[in-house]
Amino acid sequence: MEENIKQKRELIAAISNLFLRFGLRSTSMDDIANHLKISKKTLYQQFANKDDVVEQVMLYRRDEKIKNTDVNQLAKKNPIVVMSEIRDFMSDLGSRLPANHFDLRKYHPAVYERVAKQEEESTKKFLVALLDNGIKQELFRKDIDKELQLYLLGKQLHFLKDPE
């Protein structure tokens, strides 16, 4: 069972690289099967359709991003510095993945909505922890309106990722 999960993650990683290279829309299920050197039948045993492939790739990317983030290191940093690093990362992300983001939004809108909702939830949890840490370190006022700040920070991050 665990071997199957590992194999599927490897497939998804390879598909992710293919999408980054050629774009979501330009990459067909035939292209994916040829790249992975498997039959389309085998591919469809792993994934229901292209939307399923796209969604799993996007979730894989998010999981990898989270896995590669050392939360303990972030907790030790100044929250203001962390916010600045997030801003820089998000600005860079928007310039590196514009085609994938555009394709996802235009050609896979249901997947885009589900992934965006999950991203929003995980971002909110992270920002709450960041604000709490800033208050604890007395870098932010204790009477700060957290809900308003979360809303504004979330909108800023969304704008950096998607300027339109």
# chains A, B, ... in the order shown; residues from 1 in each chain; ligands from 1

call {"tool": "residues_around", "arguments": {"residues": "region 102-104 of chain A", "least_positions_apart": "5", "cutoff": "9 Å", "atoms": "only C-alpha atoms", "output": "ChimeraX atom specification"}}
result
/A:23-25,54,97,109,111-112

call {"tool": "residues_around", "arguments": {"residues": "Ile32 (chain A)", "least_positions_apart": "3", "cutoff": "10 Å", "atoms": "only C-alpha atoms", "output": "list in words"}}
result
Leu11, Ala14, Ile15, Leu18, Phe19, Thr27, Ser28, Met29, His35, Leu36, Lys37, Ile38, Ser39, Lys40, Leu43, Lys50 and Val53 of chain A

call {"tool": "residues_around", "arguments": {"residues": "region 138-153 of chain A", "least_positions_apart": "4", "cutoff": "12 Å", "atoms": "only C-alpha atoms", "output": "short mmCIF file (atom, residue, chain, number, x, y, z; two decimals) with C-alpha atoms, in the first residue's frame"}}
result
data_model
loop_
_atom_site.label_atom_id
_atom_site.label_comp_id
_atom_site.auth_asym_id
_atom_site.auth_seq_id
_atom_site.Cartn_x
_atom_site.Cartn_y
_atom_site.Cartn_z
CA LYS A 77 12.49 34.67 13.02
CA ASN A 78 11.12 38.13 13.42
CA PRO A 79 7.51 38.01 12.08
CA ILE A 80 8.08 41.23 10.15
CA VAL A 81 11.04 39.63 8.34
CA MET A 83 6.21 38.70 6.08
CA SER A 84 8.79 40.40 3.91
CA ILE A 86 6.66 35.81 1.99
CA ARG A 87 6.04 38.93 -0.09
CA GLU A 120 -6.62 30.27 1.62
CA GLU A 121 -7.29 28.07 4.66
CA THR A 123 -2.49 30.62 4.54
CA LYS A 124 -4.93 31.87 7.18
CA LYS A 125 -3.65 29.34 9.73
CA PHE A 126 -0.09 30.38 9.01
CA LEU A 127 -0.88 34.10 9.26
CA VAL A 128 -2.74 33.62 12.56
CA ALA A 129 0.35 31.91 13.99
CA LEU A 130 2.55 34.67 12.58
CA LEU A 131 0.40 37.43 14.11
CA ASP A 132 0.24 35.61 17.45
CA ASN A 133 4.01 35.23 17.40
CA GLY A 134 4.43 38.95 16.61
CA LEU A 157 -0.74 37.79 -0.82
CA HIS A 158 -3.50 37.03 -3.30
CA PHE A 159 -2.65 40.21 -5.24
CA LEU A 160 1.03 39.30 -5.35
#

call {"tool": "atom_distance", "arguments": {"atom1": "CA of Asp52 (chain A)", "atom2": "CA of Gly154 (chain A)"}}
result
26.7 Å

call {"tool": "closest_residue", "arguments": {"among": "A:Val115, A:Ile12, A:Ala99, A:Ala48", "to": "Arg62 (chain A)", "atoms": "only C-alpha atoms"}}
result
A:Val115

call {"tool": "closest_residue", "arguments": {"among": "A:Arg9, A:Lys117, A:Lys136, A:Lys155", "to": "Asp63 (chain A)", "atoms": "only C-alpha atoms"}}
result
A:Arg9

call {"tool": "select_by_dssp", "arguments": {"residues": "chain A", "states": "alpha helix (DSSP H)", "output": "compact mmCIF listing (two decimals) with N, CA, C and O atoms, in the first residue's frame"}}
result
# COMPACT_ATOMS: atom_id res chain seq x y z
N GLU A 2 1.85 1.31 0.89
CA GLU A 2 2.73 2.46 0.98
C GLU A 2 3.55 2.62 -0.29
O GLU A 2 3.84 3.74 -0.71
N GLU A 3 3.89 1.50 -0.92
CA GLU A 3 4.63 1.53 -2.18
C GLU A 3 3.79 2.19 -3.27
O GLU A 3 4.30 2.96 -4.08
N ASN A 4 2.48 1.89 -3.31
CA ASN A 4 1.58 2.51 -4.28
C ASN A 4 1.51 4.02 -4.10
O ASN A 4 1.49 4.77 -5.08
N ILE A 5 1.47 4.45 -2.86
CA ILE A 5 1.42 5.89 -2.57
C ILE A 5 2.70 6.55 -3.03
O ILE A 5 2.67 7.62 -3.65
N LYS A 6 3.82 5.91 -2.77
CA LYS A 6 5.12 6.46 -3.19
C LYS A 6 5.19 6.54 -4.71
O LYS A 6 5.64 7.54 -5.26
N GLN A 7 4.73 5.50 -5.40
CA GLN A 7 4.74 5.49 -6.86
C GLN A 7 3.84 6.59 -7.42
O GLN A 7 4.21 7.26 -8.39
N LYS A 8 2.69 6.78 -6.82
CA LYS A 8 1.78 7.82 -7.31
C LYS A 8 2.38 9.20 -7.11
O LYS A 8 2.28 10.06 -7.99
N ARG A 9 3.04 9.42 -5.98
CA ARG A 9 3.71 10.72 -5.74
C ARG A 9 4.81 10.95 -6.76
O ARG A 9 5.01 12.08 -7.21
N GLU A 10 5.52 9.89 -7.14
CA GLU A 10 6.56 10.03 -8.16
C GLU A 10 5.94 10.37 -9.51
O GLU A 10 6.48 11.20 -10.25
N LEU A 11 4.80 9.75 -9.82
CA LEU A 11 4.08 10.07 -11.06
C LEU A 11 3.65 11.54 -11.05
O LEU A 11 3.84 12.27 -12.03
N ILE A 12 3.09 11.96 -9.95
CA ILE A 12 2.61 13.34 -9.83
C ILE A 12 3.77 14.32 -9.93
O ILE A 12 3.64 15.37 -10.59
N ALA A 13 4.90 14.00 -9.34
CA ALA A 13 6.07 14.88 -9.43
C ALA A 13 6.52 15.01 -10.88
O ALA A 13 6.85 16.11 -11.34
N ALA A 14 6.55 13.90 -11.60
CA ALA A 14 6.95 13.93 -13.01
C ALA A 14 5.95 14.73 -13.84
O ALA A 14 6.35 15.51 -14.72
N ILE A 15 4.68 14.57 -13.55
CA ILE A 15 3.65 15.33 -14.27
C ILE A 15 3.77 16.82 -13.95
O ILE A 15 3.63 17.67 -14.82
N SER A 16 4.06 17.14 -12.70
CA SER A 16 4.25 18.53 -12.29
C SER A 16 5.36 19.18 -13.11
O SER A 16 5.21 20.30 -13.60
N ASN A 17 6.46 18.47 -13.26
CA ASN A 17 7.57 19.00 -14.07
C ASN A 17 7.16 19.20 -15.52
O ASN A 17 7.55 20.18 -16.16
N LEU A 18 6.37 18.27 -16.03
CA LEU A 18 5.86 18.38 -17.40
C LEU A 18 4.97 19.62 -17.54
O LEU A 18 5.11 20.38 -18.51
N PHE A 19 4.10 19.85 -16.58
CA PHE A 19 3.23 21.02 -16.61
C PHE A 19 4.04 22.31 -16.53
O PHE A 19 3.72 23.29 -17.20
N LEU A 20 5.07 22.32 -15.69
CA LEU A 20 5.90 23.51 -15.57
C LEU A 20 6.63 23.80 -16.89
O LEU A 20 6.83 24.95 -17.25
N ARG A 21 6.99 22.76 -17.56
CA ARG A 21 7.76 22.91 -18.80
C ARG A 21 6.88 23.34 -19.97
O ARG A 21 7.26 24.21 -20.75
N PHE A 22 5.70 22.73 -20.10
CA PHE A 22 4.87 22.96 -21.29
C PHE A 22 3.53 23.65 -21.02
O PHE A 22 2.83 24.01 -21.95
N MET A 29 -3.36 14.31 -22.03
CA MET A 29 -3.22 13.03 -21.33
C MET A 29 -2.30 12.10 -22.13
O MET A 29 -1.55 11.32 -21.55
N ASP A 30 -2.34 12.19 -23.46
CA ASP A 30 -1.41 11.42 -24.30
C ASP A 30 0.03 11.82 -24.00
O ASP A 30 0.90 10.96 -23.87
N ASP A 31 0.29 13.13 -23.90
CA ASP A 31 1.63 13.62 -23.59
C ASP A 31 2.10 13.09 -22.23
O ASP A 31 3.25 12.67 -22.08
N ILE A 32 1.20 13.10 -21.27
CA ILE A 32 1.54 12.63 -19.93
C ILE A 32 1.88 11.14 -19.97
O ILE A 32 2.91 10.72 -19.43
N ALA A 33 1.03 10.35 -20.63
CA ALA A 33 1.27 8.90 -20.72
C ALA A 33 2.59 8.62 -21.44
O ALA A 33 3.39 7.78 -20.99
N ASN A 34 2.85 9.33 -22.54
CA ASN A 34 4.11 9.14 -23.27
C ASN A 34 5.32 9.52 -22.42
O ASN A 34 6.32 8.81 -22.40
N HIS A 35 5.21 10.63 -21.72
CA HIS A 35 6.31 11.09 -20.86
C HIS A 35 6.60 10.09 -19.74
O HIS A 35 7.76 9.83 -19.41
N LEU A 36 5.53 9.54 -19.17
CA LEU A 36 5.69 8.59 -18.07
C LEU A 36 6.01 7.17 -18.56
O LEU A 36 6.29 6.29 -17.75
N LYS A 40 -2.25 4.88 -21.70
CA LYS A 40 -3.32 5.77 -21.23
C LYS A 40 -4.25 5.02 -20.28
O LYS A 40 -4.76 5.59 -19.33
N LYS A 41 -4.42 3.72 -20.52
CA LYS A 41 -5.27 2.91 -19.64
C LYS A 41 -4.70 2.93 -18.22
O LYS A 41 -5.43 3.13 -17.25
N THR A 42 -3.40 2.74 -18.12
CA THR A 42 -2.75 2.78 -16.80
C THR A 42 -2.88 4.16 -16.17
O THR A 42 -3.13 4.29 -14.97
N LEU A 43 -2.73 5.19 -16.99
CA LEU A 43 -2.87 6.56 -16.49
C LEU A 43 -4.28 6.78 -15.94
O LEU A 43 -4.45 7.34 -14.86
N TYR A 44 -5.28 6.30 -16.67
CA TYR A 44 -6.66 6.48 -16.22
C TYR A 44 -7.02 5.58 -15.04
O TYR A 44 -8.03 5.79 -14.38
N GLN A 45 -6.20 4.60 -14.75
CA GLN A 45 -6.41 3.82 -13.53
C GLN A 45 -5.95 4.62 -12.31
O GLN A 45 -6.44 4.41 -11.20
N GLN A 46 -5.03 5.53 -12.53
CA GLN A 46 -4.51 6.36 -11.44
C GLN A 46 -5.30 7.66 -11.26
O GLN A 46 -5.40 8.19 -10.16
N LYS A 50 -8.32 14.64 -16.66
CA LYS A 50 -7.26 15.64 -16.59
C LYS A 50 -7.46 16.59 -15.42
O LYS A 50 -6.49 17.00 -14.77
N ASP A 51 -8.71 16.93 -15.11
CA ASP A 51 -8.96 17.79 -13.94
C ASP A 51 -8.40 17.13 -12.67
O ASP A 51 -7.82 17.81 -11.81
N ASP A 52 -8.58 15.82 -12.55
CA ASP A 52 -8.06 15.09 -11.39
C ASP A 52 -6.53 15.17 -11.36
O ASP A 52 -5.93 15.40 -10.31
N VAL A 53 -5.90 15.03 -12.52
CA VAL A 53 -4.44 15.13 -12.61
C VAL A 53 -3.99 16.52 -12.17
O VAL A 53 -3.09 16.67 -11.33
N VAL A 54 -4.63 17.54 -12.73
CA VAL A 54 -4.26 18.93 -12.41
C VAL A 54 -4.42 19.21 -10.93
O VAL A 54 -3.53 19.78 -10.29
N GLU A 55 -5.55 18.78 -10.36
CA GLU A 55 -5.79 19.03 -8.93
C GLU A 55 -4.74 18.34 -8.07
O GLU A 55 -4.19 18.93 -7.14
N GLN A 56 -4.44 17.09 -8.39
CA GLN A 56 -3.45 16.36 -7.58
C GLN A 56 -2.07 16.97 -7.72
O GLN A 56 -1.30 17.01 -6.75
N VAL A 57 -1.74 17.49 -8.90
CA VAL A 57 -0.45 18.16 -9.08
C VAL A 57 -0.39 19.43 -8.25
O VAL A 57 0.61 19.70 -7.57
N MET A 58 -1.46 20.21 -8.27
CA MET A 58 -1.48 21.46 -7.49
C MET A 58 -1.39 21.18 -5.99
O MET A 58 -0.68 21.88 -5.26
N LEU A 59 -2.09 20.16 -5.54
CA LEU A 59 -2.02 19.80 -4.12
C LEU A 59 -0.64 19.26 -3.77
O LEU A 59 -0.11 19.54 -2.68
N TYR A 60 -0.04 18.52 -4.68
CA TYR A 60 1.33 18.02 -4.48
C TYR A 60 2.30 19.19 -4.33
O TYR A 60 3.13 19.20 -3.42
N ARG A 61 2.16 20.19 -5.20
CA ARG A 61 3.05 21.37 -5.12
C ARG A 61 2.88 22.08 -3.79
O ARG A 61 3.87 22.50 -3.17
N ARG A 62 1.63 22.23 -3.35
CA ARG A 62 1.39 22.88 -2.06
C ARG A 62 2.01 22.08 -0.92
O ARG A 62 2.68 22.62 -0.05
N ASP A 63 1.81 20.76 -0.95
CA ASP A 63 2.38 19.91 0.09
C ASP A 63 3.90 19.98 0.11
O ASP A 63 4.51 20.01 1.18
N GLU A 64 4.50 20.01 -1.07
CA GLU A 64 5.96 20.11 -1.16
C GLU A 64 6.45 21.45 -0.60
O GLU A 64 7.46 21.51 0.10
N LYS A 65 5.71 22.51 -0.91
CA LYS A 65 6.06 23.84 -0.41
C LYS A 65 6.01 23.84 1.12
O LYS A 65 6.91 24.35 1.79
N ILE A 66 4.96 23.23 1.67
CA ILE A 66 4.80 23.17 3.13
C ILE A 66 5.89 22.30 3.74
O ILE A 66 6.50 22.66 4.76
N LYS A 67 6.16 21.16 3.11
CA LYS A 67 7.17 20.23 3.62
C LYS A 67 8.56 20.87 3.63
O LYS A 67 9.35 20.63 4.54
N VAL A 71 9.06 25.17 9.78
CA VAL A 71 8.20 25.96 10.65
C VAL A 71 8.94 26.41 11.90
O VAL A 71 8.76 27.54 12.37
N ASN A 72 9.80 25.57 12.43
CA ASN A 72 10.55 25.94 13.64
C ASN A 72 11.48 27.12 13.36
O ASN A 72 11.63 28.00 14.19
N GLN A 73 12.09 27.12 12.17
CA GLN A 73 12.96 28.24 11.81
C GLN A 73 12.14 29.52 11.66
O GLN A 73 12.58 30.58 12.09
N LEU A 74 10.96 29.40 11.05
CA LEU A 74 10.11 30.58 10.90
C LEU A 74 9.68 31.13 12.25
O LEU A 74 9.58 32.34 12.43
N ALA A 75 9.40 30.24 13.19
CA ALA A 75 8.95 30.67 14.52
C ALA A 75 10.04 31.46 15.24
O ALA A 75 9.75 32.33 16.05
N LYS A 76 11.29 31.17 14.93
CA LYS A 76 12.41 31.86 15.59
C LYS A 76 12.69 33.22 14.96
O LYS A 76 13.32 34.06 15.57
N PRO A 79 8.69 38.11 12.96
CA PRO A 79 7.51 38.01 12.08
C PRO A 79 7.48 39.04 10.96
O PRO A 79 6.96 38.78 9.88
N ILE A 80 8.04 40.20 11.19
CA ILE A 80 8.08 41.23 10.15
C ILE A 80 9.00 40.78 9.01
O ILE A 80 8.68 40.94 7.83
N VAL A 81 10.12 40.15 9.35
CA VAL A 81 11.04 39.63 8.34
C VAL A 81 10.37 38.50 7.57
O VAL A 81 10.49 38.41 6.34
N VAL A 82 9.64 37.64 8.28
CA VAL A 82 8.94 36.53 7.63
C VAL A 82 7.93 37.07 6.62
O VAL A 82 7.84 36.59 5.49
N MET A 83 7.18 38.10 7.01
CA MET A 83 6.21 38.70 6.08
C MET A 83 6.89 39.26 4.84
O MET A 83 6.40 39.11 3.73
N SER A 84 8.03 39.87 5.04
CA SER A 84 8.79 40.40 3.91
C SER A 84 9.27 39.27 3.00
O SER A 84 9.21 39.38 1.77
N GLU A 85 9.73 38.17 3.60
CA GLU A 85 10.18 37.02 2.80
C GLU A 85 9.02 36.39 2.04
O GLU A 85 9.18 35.97 0.89
N ILE A 86 7.86 36.34 2.66
CA ILE A 86 6.66 35.81 1.99
C ILE A 86 6.31 36.69 0.80
O ILE A 86 6.03 36.20 -0.29
N ARG A 87 6.35 38.00 1.00
CA ARG A 87 6.04 38.93 -0.09
C ARG A 87 6.99 38.71 -1.27
O ARG A 87 6.57 38.62 -2.42
N ASP A 88 8.28 38.58 -0.97
CA ASP A 88 9.27 38.37 -2.03
C ASP A 88 9.03 37.04 -2.74
O ASP A 88 9.11 36.96 -3.97
N PHE A 89 8.72 36.00 -1.97
CA PHE A 89 8.47 34.68 -2.55
C PHE A 89 7.24 34.72 -3.45
O PHE A 89 7.25 34.19 -4.57
N MET A 90 6.16 35.34 -2.98
CA MET A 90 4.93 35.39 -3.75
C MET A 90 5.11 36.20 -5.03
O MET A 90 4.59 35.84 -6.08
N SER A 91 5.86 37.28 -4.97
CA SER A 91 6.13 38.08 -6.17
C SER A 91 6.89 37.25 -7.19
O SER A 91 6.58 37.26 -8.38
N ASP A 92 7.88 36.52 -6.72
CA ASP A 92 8.68 35.66 -7.59
C ASP A 92 7.83 34.52 -8.14
O ASP A 92 7.95 34.16 -9.32
N LEU A 93 6.95 33.97 -7.33
CA LEU A 93 6.10 32.86 -7.75
C LEU A 93 5.20 33.28 -8.91
O LEU A 93 5.04 32.56 -9.89
N GLY A 94 4.64 34.47 -8.81
CA GLY A 94 3.77 34.96 -9.87
C GLY A 94 4.50 35.09 -11.20
O GLY A 94 3.93 34.85 -12.25
N SER A 95 5.77 35.44 -11.16
CA SER A 95 6.52 35.59 -12.41
C SER A 95 7.03 34.25 -12.93
O SER A 95 7.28 34.10 -14.11
N ARG A 96 7.17 33.25 -12.07
CA ARG A 96 7.67 31.95 -12.50
C ARG A 96 6.58 31.03 -13.03
O ARG A 96 6.85 30.17 -13.86
N PRO A 98 3.30 31.95 -14.33
CA PRO A 98 2.11 32.62 -14.83
C PRO A 98 1.27 31.76 -15.75
O PRO A 98 0.04 31.80 -15.68
N ALA A 99 1.90 30.98 -16.62
CA ALA A 99 1.14 30.16 -17.57
C ALA A 99 0.33 29.09 -16.83
O ALA A 99 -0.84 28.87 -17.13
N ASN A 100 0.94 28.44 -15.86
CA ASN A 100 0.23 27.42 -15.09
C ASN A 100 -0.95 28.03 -14.35
O ASN A 100 -2.04 27.47 -14.34
N HIS A 101 -0.74 29.18 -13.75
CA HIS A 101 -1.81 29.83 -12.99
C HIS A 101 -2.94 30.25 -13.93
O HIS A 101 -4.11 30.03 -13.64
N PHE A 102 -2.59 30.84 -15.06
CA PHE A 102 -3.59 31.27 -16.04
C PHE A 102 -4.38 30.07 -16.57
O PHE A 102 -5.60 30.11 -16.63
N ASP A 103 -3.65 29.01 -16.97
CA ASP A 103 -4.30 27.81 -17.49
C ASP A 103 -5.23 27.18 -16.45
O ASP A 103 -6.35 26.77 -16.77
N LEU A 104 -4.76 27.11 -15.22
CA LEU A 104 -5.57 26.52 -14.16
C LEU A 104 -6.87 27.30 -14.00
O LEU A 104 -7.96 26.72 -13.95
N ARG A 105 -6.75 28.59 -13.95
CA ARG A 105 -7.91 29.43 -13.73
C ARG A 105 -8.89 29.42 -14.90
O ARG A 105 -10.10 29.37 -14.71
N LYS A 106 -8.35 29.43 -16.12
CA LYS A 106 -9.22 29.51 -17.30
C LYS A 106 -9.79 28.16 -17.73
O LYS A 106 -10.96 28.07 -18.09
N TYR A 107 -8.96 27.12 -17.72
CA TYR A 107 -9.36 25.84 -18.29
C TYR A 107 -9.77 24.78 -17.27
O TYR A 107 -10.31 23.75 -17.64
N PRO A 109 -11.52 25.66 -14.00
CA PRO A 109 -12.03 26.57 -12.96
C PRO A 109 -12.48 25.88 -11.67
O PRO A 109 -12.29 26.42 -10.58
N ALA A 110 -13.06 24.69 -11.78
CA ALA A 110 -13.51 23.99 -10.57
C ALA A 110 -12.30 23.58 -9.73
O ALA A 110 -12.32 23.71 -8.50
N VAL A 111 -11.25 23.12 -10.38
CA VAL A 111 -10.01 22.76 -9.68
C VAL A 111 -9.41 24.02 -9.06
O VAL A 111 -8.97 24.01 -7.91
N TYR A 112 -9.40 25.09 -9.83
CA TYR A 112 -8.84 26.36 -9.33
C TYR A 112 -9.55 26.78 -8.04
O TYR A 112 -8.89 27.16 -7.07
N GLU A 113 -10.86 26.70 -8.04
CA GLU A 113 -11.63 27.10 -6.85
C GLU A 113 -11.30 26.22 -5.65
O GLU A 113 -11.11 26.72 -4.54
N ARG A 114 -11.24 24.90 -5.86
CA ARG A 114 -10.94 23.99 -4.73
C ARG A 114 -9.53 24.23 -4.20
O ARG A 114 -9.31 24.31 -2.98
N VAL A 115 -8.57 24.35 -5.10
CA VAL A 115 -7.18 24.57 -4.67
C VAL A 115 -7.04 25.92 -3.99
O VAL A 115 -6.38 26.04 -2.95
N ALA A 116 -7.67 26.95 -4.56
CA ALA A 116 -7.60 28.29 -3.96
C ALA A 116 -8.19 28.30 -2.56
O ALA A 116 -7.65 28.94 -1.65
N LYS A 117 -9.30 27.59 -2.37
CA LYS A 117 -9.93 27.53 -1.04
C LYS A 117 -9.00 26.85 -0.03
O LYS A 117 -8.83 27.34 1.09
N GLN A 118 -8.37 25.76 -0.43
CA GLN A 118 -7.44 25.07 0.47
C GLN A 118 -6.22 25.94 0.75
O GLN A 118 -5.73 25.98 1.88
N GLU A 119 -5.73 26.64 -0.27
CA GLU A 119 -4.60 27.55 -0.09
C GLU A 119 -4.96 28.66 0.90
O GLU A 119 -4.17 29.01 1.77
N GLU A 120 -6.16 29.19 0.75
CA GLU A 120 -6.62 30.27 1.62
C GLU A 120 -6.68 29.80 3.07
O GLU A 120 -6.27 30.53 3.98
N GLU A 121 -7.18 28.60 3.30
CA GLU A 121 -7.29 28.07 4.66
C GLU A 121 -5.91 27.86 5.28
O GLU A 121 -5.69 28.23 6.43
N SER A 122 -5.00 27.27 4.53
CA SER A 122 -3.66 27.03 5.09
C SER A 122 -2.92 28.35 5.29
O SER A 122 -2.19 28.51 6.27
N THR A 123 -3.12 29.31 4.40
CA THR A 123 -2.49 30.62 4.54
C THR A 123 -3.03 31.33 5.78
O THR A 123 -2.26 31.93 6.54
N LYS A 124 -4.33 31.22 6.02
CA LYS A 124 -4.93 31.87 7.18
C LYS A 124 -4.36 31.29 8.47
O LYS A 124 -4.01 32.04 9.38
N LYS A 125 -4.23 29.96 8.54
CA LYS A 125 -3.65 29.34 9.73
C LYS A 125 -2.23 29.85 9.97
O LYS A 125 -1.85 30.17 11.10
N PHE A 126 -1.47 29.92 8.90
CA PHE A 126 -0.09 30.38 9.01
C PHE A 126 -0.04 31.84 9.48
O PHE A 126 0.74 32.19 10.37
N LEU A 127 -0.89 32.68 8.89
CA LEU A 127 -0.88 34.10 9.26
C LEU A 127 -1.35 34.33 10.69
O LEU A 127 -0.83 35.21 11.38
N VAL A 128 -2.31 33.52 11.16
CA VAL A 128 -2.74 33.62 12.56
C VAL A 128 -1.56 33.32 13.48
O VAL A 128 -1.30 34.06 14.43
N ALA A 129 -0.83 32.27 13.18
CA ALA A 129 0.35 31.91 13.99
C ALA A 129 1.40 33.02 13.93
O ALA A 129 2.01 33.36 14.95
N LEU A 130 1.57 33.60 12.75
CA LEU A 130 2.55 34.67 12.58
C LEU A 130 2.14 35.91 13.39
O LEU A 130 2.98 36.50 14.08
N LEU A 131 0.87 36.29 13.32
CA LEU A 131 0.40 37.43 14.11
C LEU A 131 0.53 37.16 15.61
O LEU A 131 0.97 38.04 16.37
N ASP A 132 0.13 35.97 16.03
CA ASP A 132 0.24 35.61 17.45
C ASP A 132 1.70 35.68 17.91
O ASP A 132 1.99 36.17 19.01
N ASN A 133 2.60 35.20 17.07
CA ASN A 133 4.01 35.23 17.40
C ASN A 133 4.51 36.68 17.49
O ASN A 133 5.27 37.04 18.39
N GLY A 134 4.05 37.54 16.58
CA GLY A 134 4.43 38.95 16.61
C GLY A 134 3.91 39.66 17.84
O GLY A 134 4.59 40.50 18.43
N ILE A 135 2.71 39.31 18.27
CA ILE A 135 2.13 39.89 19.49
C ILE A 135 2.92 39.40 20.70
O ILE A 135 3.26 40.18 21.59
N LYS A 136 3.23 38.11 20.69
CA LYS A 136 3.99 37.52 21.80
C LYS A 136 5.37 38.17 21.94
O LYS A 136 5.85 38.42 23.03
N LYS A 146 -7.17 41.34 14.66
CA LYS A 146 -6.61 40.20 13.92
C LYS A 146 -7.40 39.87 12.66
O LYS A 146 -6.82 39.59 11.63
N GLU A 147 -8.72 39.90 12.77
CA GLU A 147 -9.55 39.56 11.61
C GLU A 147 -9.29 40.52 10.45
O GLU A 147 -9.15 40.11 9.30
N LEU A 148 -9.21 41.81 10.76
CA LEU A 148 -8.94 42.80 9.72
C LEU A 148 -7.54 42.59 9.14
O LEU A 148 -7.35 42.63 7.92
N GLN A 149 -6.56 42.36 10.01
CA GLN A 149 -5.20 42.15 9.54
C GLN A 149 -5.09 40.89 8.68
O GLN A 149 -4.40 40.88 7.65
N LEU A 150 -5.78 39.83 9.10
CA LEU A 150 -5.78 38.59 8.30
C LEU A 150 -6.38 38.83 6.93
O LEU A 150 -5.88 38.35 5.92
N TYR A 151 -7.47 39.59 6.91
CA TYR A 151 -8.12 39.91 5.65
C TYR A 151 -7.17 40.69 4.74
O TYR A 151 -6.99 40.36 3.56
N LEU A 152 -6.54 41.73 5.29
CA LEU A 152 -5.65 42.57 4.49
C LEU A 152 -4.41 41.80 4.03
O LEU A 152 -4.01 41.91 2.86
N LEU A 153 -3.82 41.03 4.92
CA LEU A 153 -2.64 40.23 4.54
C LEU A 153 -3.01 39.20 3.48
O LEU A 153 -2.26 39.00 2.51
N GLY A 154 -4.15 38.56 3.66
CA GLY A 154 -4.59 37.57 2.67
C GLY A 154 -4.80 38.20 1.31
O GLY A 154 -4.40 37.64 0.28
N LYS A 155 -5.41 39.38 1.27
CA LYS A 155 -5.62 40.08 0.00
C LYS A 155 -4.30 40.50 -0.63
O LYS A 155 -4.12 40.41 -1.84
N GLN A 156 -3.35 40.95 0.19
CA GLN A 156 -2.04 41.32 -0.34
C GLN A 156 -1.35 40.12 -0.97
O GLN A 156 -0.80 40.22 -2.06
N LEU A 157 -1.38 38.99 -0.28
CA LEU A 157 -0.74 37.79 -0.82
C LEU A 157 -1.43 37.33 -2.09
O LEU A 157 -0.78 36.92 -3.06
N HIS A 158 -2.76 37.41 -2.10
CA HIS A 158 -3.50 37.03 -3.30
C HIS A 158 -3.14 37.96 -4.46
O HIS A 158 -2.95 37.50 -5.59
N PHE A 159 -3.01 39.25 -4.20
CA PHE A 159 -2.65 40.21 -5.24
C PHE A 159 -1.26 39.94 -5.78
O PHE A 159 -1.01 40.03 -6.98
N LEU A 160 -0.33 39.59 -4.90
CA LEU A 160 1.03 39.30 -5.35
C LEU A 160 1.07 38.06 -6.25
O LEU A 160 1.83 38.00 -7.21
N LYS A 161 0.23 37.09 -5.92
CA LYS A 161 0.20 35.86 -6.70
C LYS A 161 -0.55 36.06 -8.02
O LYS A 161 -0.22 35.49 -9.03
